[in-house]
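Below you'll find the structure, written out as structure tokens, and then a few comments.
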Amino acid sequence: MTERITRRGGLLRRLPMVAWLTLVWVMLWGTFDLGTLFFGLVVAVFVATLFPNPAIRTNIAVRPLRVLQLVGYLAWDLVISTGRVSWQAVTQGPKAPAGIVAVTLRTDSDHITAMVANALSLAPGKFVLQIDRVHRICYVYSLGMRAADAESVRQEVLALERRVVRAVGSRAELALVSGTEGSA
């Protein structure tokens, strides 16, 4: 009985992968009919069964309201950053100042670091050049930055880290970014 439940749980965990592979199959064929859908589903089940993805253990705790706030912030940042970079391109052209800032993140999670780096690189004008995993340092390239702006770029990155942790971080990470130990 428990073997059947375990097997069913494994199939349910693979369902998103099967759906994704079926969608890719249909898109590759370029036609949507029952035959293409059926054979796409057969191939997807075969691939997902033959090549199962390993289980990934994380300490991510998704908070839906905070995730929506993060998405809203990223959308707003995308608009503002696009306008800022456009203005710099028009007014300063290729002579726009730029700089690289080393930012030490507070959290030690690979997942949080990757989310922060991807979120930061989403909008134009800033992106992560390199991550020093051992020392938790992100080297951030910022367009339109002067030497006096380094601290504001650093604070911007740390604020983004705080938003990401509030959206998906563990209790310990929440305590790190809020500055208080033990509160959530």
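We label chains A, B, ... in the order they appear in the structure tokens, count residues from 1 in each chain, and number ligands from 1 in the order shown.
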
Find the spatial neighbours of A:Thr22, counting only C-alpha atoms, within a cut-off of 10 Å - ignore same-chain residues fewer than 5 positions away - and output them as a PDB file with N, CA, C and O atoms, in the first residue's frame.
```pdb
ATOM      1  N   PRO A  16       3.993  18.424 -13.511  1.00  0.00           N
ATOM      2  CA  PRO A  16       4.372  19.671 -14.189  1.00  0.00           C
ATOM      3  C   PRO A  16       5.398  19.455 -15.298  1.00  0.00           C
ATOM      4  O   PRO A  16       5.314  20.083 -16.361  1.00  0.00           O
ATOM      5  N   MET A  17       6.345  18.543 -15.079  1.00  0.00           N
ATOM      6  CA  MET A  17       7.341  18.260 -16.115  1.00  0.00           C
ATOM      7  C   MET A  17       6.681  17.615 -17.333  1.00  0.00           C
ATOM      8  O   MET A  17       7.000  17.957 -18.476  1.00  0.00           O
ATOM      9  N   MET A  27       4.429  22.472 -29.517  1.00  0.00           N
ATOM     10  CA  MET A  27       4.989  23.683 -30.125  1.00  0.00           C
ATOM     11  C   MET A  27       6.035  23.347 -31.187  1.00  0.00           C
ATOM     12  O   MET A  27       6.115  24.029 -32.218  1.00  0.00           O
ATOM     13  N   LEU A  28       6.822  22.300 -30.949  1.00  0.00           N
ATOM     14  CA  LEU A  28       7.824  21.912 -31.943  1.00  0.00           C
ATOM     15  C   LEU A  28       7.171  21.410 -33.233  1.00  0.00           C
ATOM     16  O   LEU A  28       7.682  21.651 -34.328  1.00  0.00           O
ATOM     17  N   THR A  36      -1.096  14.830 -32.211  1.00  0.00           N
ATOM     18  CA  THR A  36       0.120  15.479 -31.725  1.00  0.00           C
ATOM     19  C   THR A  36       0.107  15.567 -30.204  1.00  0.00           C
ATOM     20  O   THR A  36       1.116  15.292 -29.546  1.00  0.00           O
ATOM     21  N   LEU A  37      -1.053  15.908 -29.640  1.00  0.00           N
ATOM     22  CA  LEU A  37      -1.177  16.002 -28.190  1.00  0.00           C
ATOM     23  C   LEU A  37      -0.977  14.635 -27.532  1.00  0.00           C
ATOM     24  O   LEU A  37      -0.246  14.513 -26.549  1.00  0.00           O
ATOM     25  N   PHE A  38      -1.591  13.598 -28.104  1.00  0.00           N
ATOM     26  CA  PHE A  38      -1.471  12.254 -27.539  1.00  0.00           C
ATOM     27  C   PHE A  38      -0.029  11.758 -27.571  1.00  0.00           C
ATOM     28  O   PHE A  38       0.505  11.298 -26.561  1.00  0.00           O
ATOM     29  N   PHE A  39       0.617  11.860 -28.729  1.00  0.00           N
ATOM     30  CA  PHE A  39       1.994  11.371 -28.827  1.00  0.00           C
ATOM     31  C   PHE A  39       2.954  12.244 -28.015  1.00  0.00           C
ATOM     32  O   PHE A  39       3.950  11.760 -27.476  1.00  0.00           O
ATOM     33  N   GLY A  40       2.666  13.525 -27.897  1.00  0.00           N
ATOM     34  CA  GLY A  40       3.459  14.394 -27.033  1.00  0.00           C
ATOM     35  C   GLY A  40       3.352  13.958 -25.587  1.00  0.00           C
ATOM     36  O   GLY A  40       4.345  13.925 -24.856  1.00  0.00           O
ATOM     37  N   LEU A  41       2.152  13.595 -25.170  1.00  0.00           N
ATOM     38  CA  LEU A  41       1.938  13.111 -23.810  1.00  0.00           C
ATOM     39  C   LEU A  41       2.659  11.788 -23.580  1.00  0.00           C
ATOM     40  O   LEU A  41       3.291  11.587 -22.536  1.00  0.00           O
ATOM     41  N   VAL A  42       2.599  10.889 -24.569  1.00  0.00           N
ATOM     42  CA  VAL A  42       3.292   9.599 -24.452  1.00  0.00           C
ATOM     43  C   VAL A  42       4.802   9.809 -24.332  1.00  0.00           C
ATOM     44  O   VAL A  42       5.453   9.228 -23.456  1.00  0.00           O
ATOM     45  N   VAL A  43       5.358  10.656 -25.178  1.00  0.00           N
ATOM     46  CA  VAL A  43       6.797  10.928 -25.136  1.00  0.00           C
ATOM     47  C   VAL A  43       7.163  11.597 -23.808  1.00  0.00           C
ATOM     48  O   VAL A  43       8.183  11.260 -23.188  1.00  0.00           O
ATOM     49  N   ALA A  44       6.340  12.518 -23.345  1.00  0.00           N
ATOM     50  CA  ALA A  44       6.621  13.226 -22.092  1.00  0.00           C
ATOM     51  C   ALA A  44       6.617  12.267 -20.901  1.00  0.00           C
ATOM     52  O   ALA A  44       7.496  12.339 -20.040  1.00  0.00           O
ATOM     53  N   VAL A  45       5.636  11.375 -20.840  1.00  0.00           N
ATOM     54  CA  VAL A  45       5.584  10.397 -19.746  1.00  0.00           C
ATOM     55  C   VAL A  45       6.801   9.475 -19.826  1.00  0.00           C
ATOM     56  O   VAL A  45       7.429   9.165 -18.807  1.00  0.00           O
TER      57      VAL A  45
END
```

Contacts of stretch 95-99 of chain A at 9 Å (only C-alpha atoms; same-chain gap of 3+ positions) as a ChimeraX atom specification: /A:88-89,91-92,140-147,150

Restricting the calculation to only C-alpha atoms: of A:Pro52, A:Gly93, A:Gly30, A:Pro124, which residue gets closest to A:Leu15? A:Pro52

Fewer than 3 positions away in the same chain doesn't count, so skip those; otherwise give me all residues within 10 Å of stretch 118-120 of chain A, counting only C-alpha atoms, as an NGL selection string. :A and (70-71 or 74 or 77-78 or 112-115 or 123-128 or 140 or 156-157 or 160-161 or 164)

Non-local contacts of A:Ala102 (9 Å; only C-alpha atoms; under 2 positions in same chain excluded) as number ranges by chain: A: 100, 104, 137-140, 150, 154

Could you dump the residues just selected with N, CA and C atoms as a short mmCIF file (atom, residue, chain, number, x, y, z; two decimals), in the first residue's frame?
```cif
data_model
loop_
_atom_site.label_atom_id
_atom_site.label_comp_id
_atom_site.auth_asym_id
_atom_site.auth_seq_id
_atom_site.Cartn_x
_atom_site.Cartn_y
_atom_site.Cartn_z
N ILE A 100 31.38 49.43 -10.81
CA ILE A 100 31.17 48.09 -10.25
C ILE A 100 31.24 48.23 -8.73
N THR A 104 28.06 42.77 -0.12
CA THR A 104 28.06 41.57 0.70
C THR A 104 26.64 41.28 1.14
N ILE A 137 29.63 37.69 -1.72
CA ILE A 137 29.76 39.00 -2.36
C ILE A 137 29.25 38.94 -3.79
N CYS A 138 28.37 39.87 -4.13
CA CYS A 138 27.92 40.05 -5.51
C CYS A 138 28.61 41.29 -6.06
N TYR A 139 29.22 41.15 -7.22
CA TYR A 139 29.83 42.29 -7.89
C TYR A 139 28.82 42.79 -8.91
N VAL A 140 28.30 43.99 -8.65
CA VAL A 140 27.19 44.54 -9.42
C VAL A 140 27.69 45.66 -10.31
N ALA A 150 28.02 54.69 -5.01
CA ALA A 150 28.30 53.29 -4.68
C ALA A 150 27.47 52.82 -3.49
N ARG A 154 24.62 49.81 -3.28
CA ARG A 154 24.74 48.76 -2.27
C ARG A 154 23.43 48.64 -1.48
#
```

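For the residues A:Leu129, A:Leu122, A:Leu12, A:Ala19, ranking by smallest atom-to-atom distance to A:Trp76 using only C-alpha atoms places A:Leu122 first.
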
As a PyMOL selection string, please: every residue in chain A that DSSP puts in alpha helix (DSSP H). chain A and resi 2-29+34-50+64-91+110-122+150-168+171-178

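Within 7 Å of stretch 167-174 of chain A, once only C-alpha atoms are used and residues closer than 5 positions along the same chain are dropped, the contacting residues are Asn59, Ile60, Ala61, Val62, Arg63, Arg66, Val67, Leu70, Thr107 and Ala184 of chain A.
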
Would you please give, as a ChimeraX atom specification, all residues of stretch 13-167 of chain A that DSSP assigns to strand (DSSP E) based on the backbone? /A:98-104,126-132,137-143
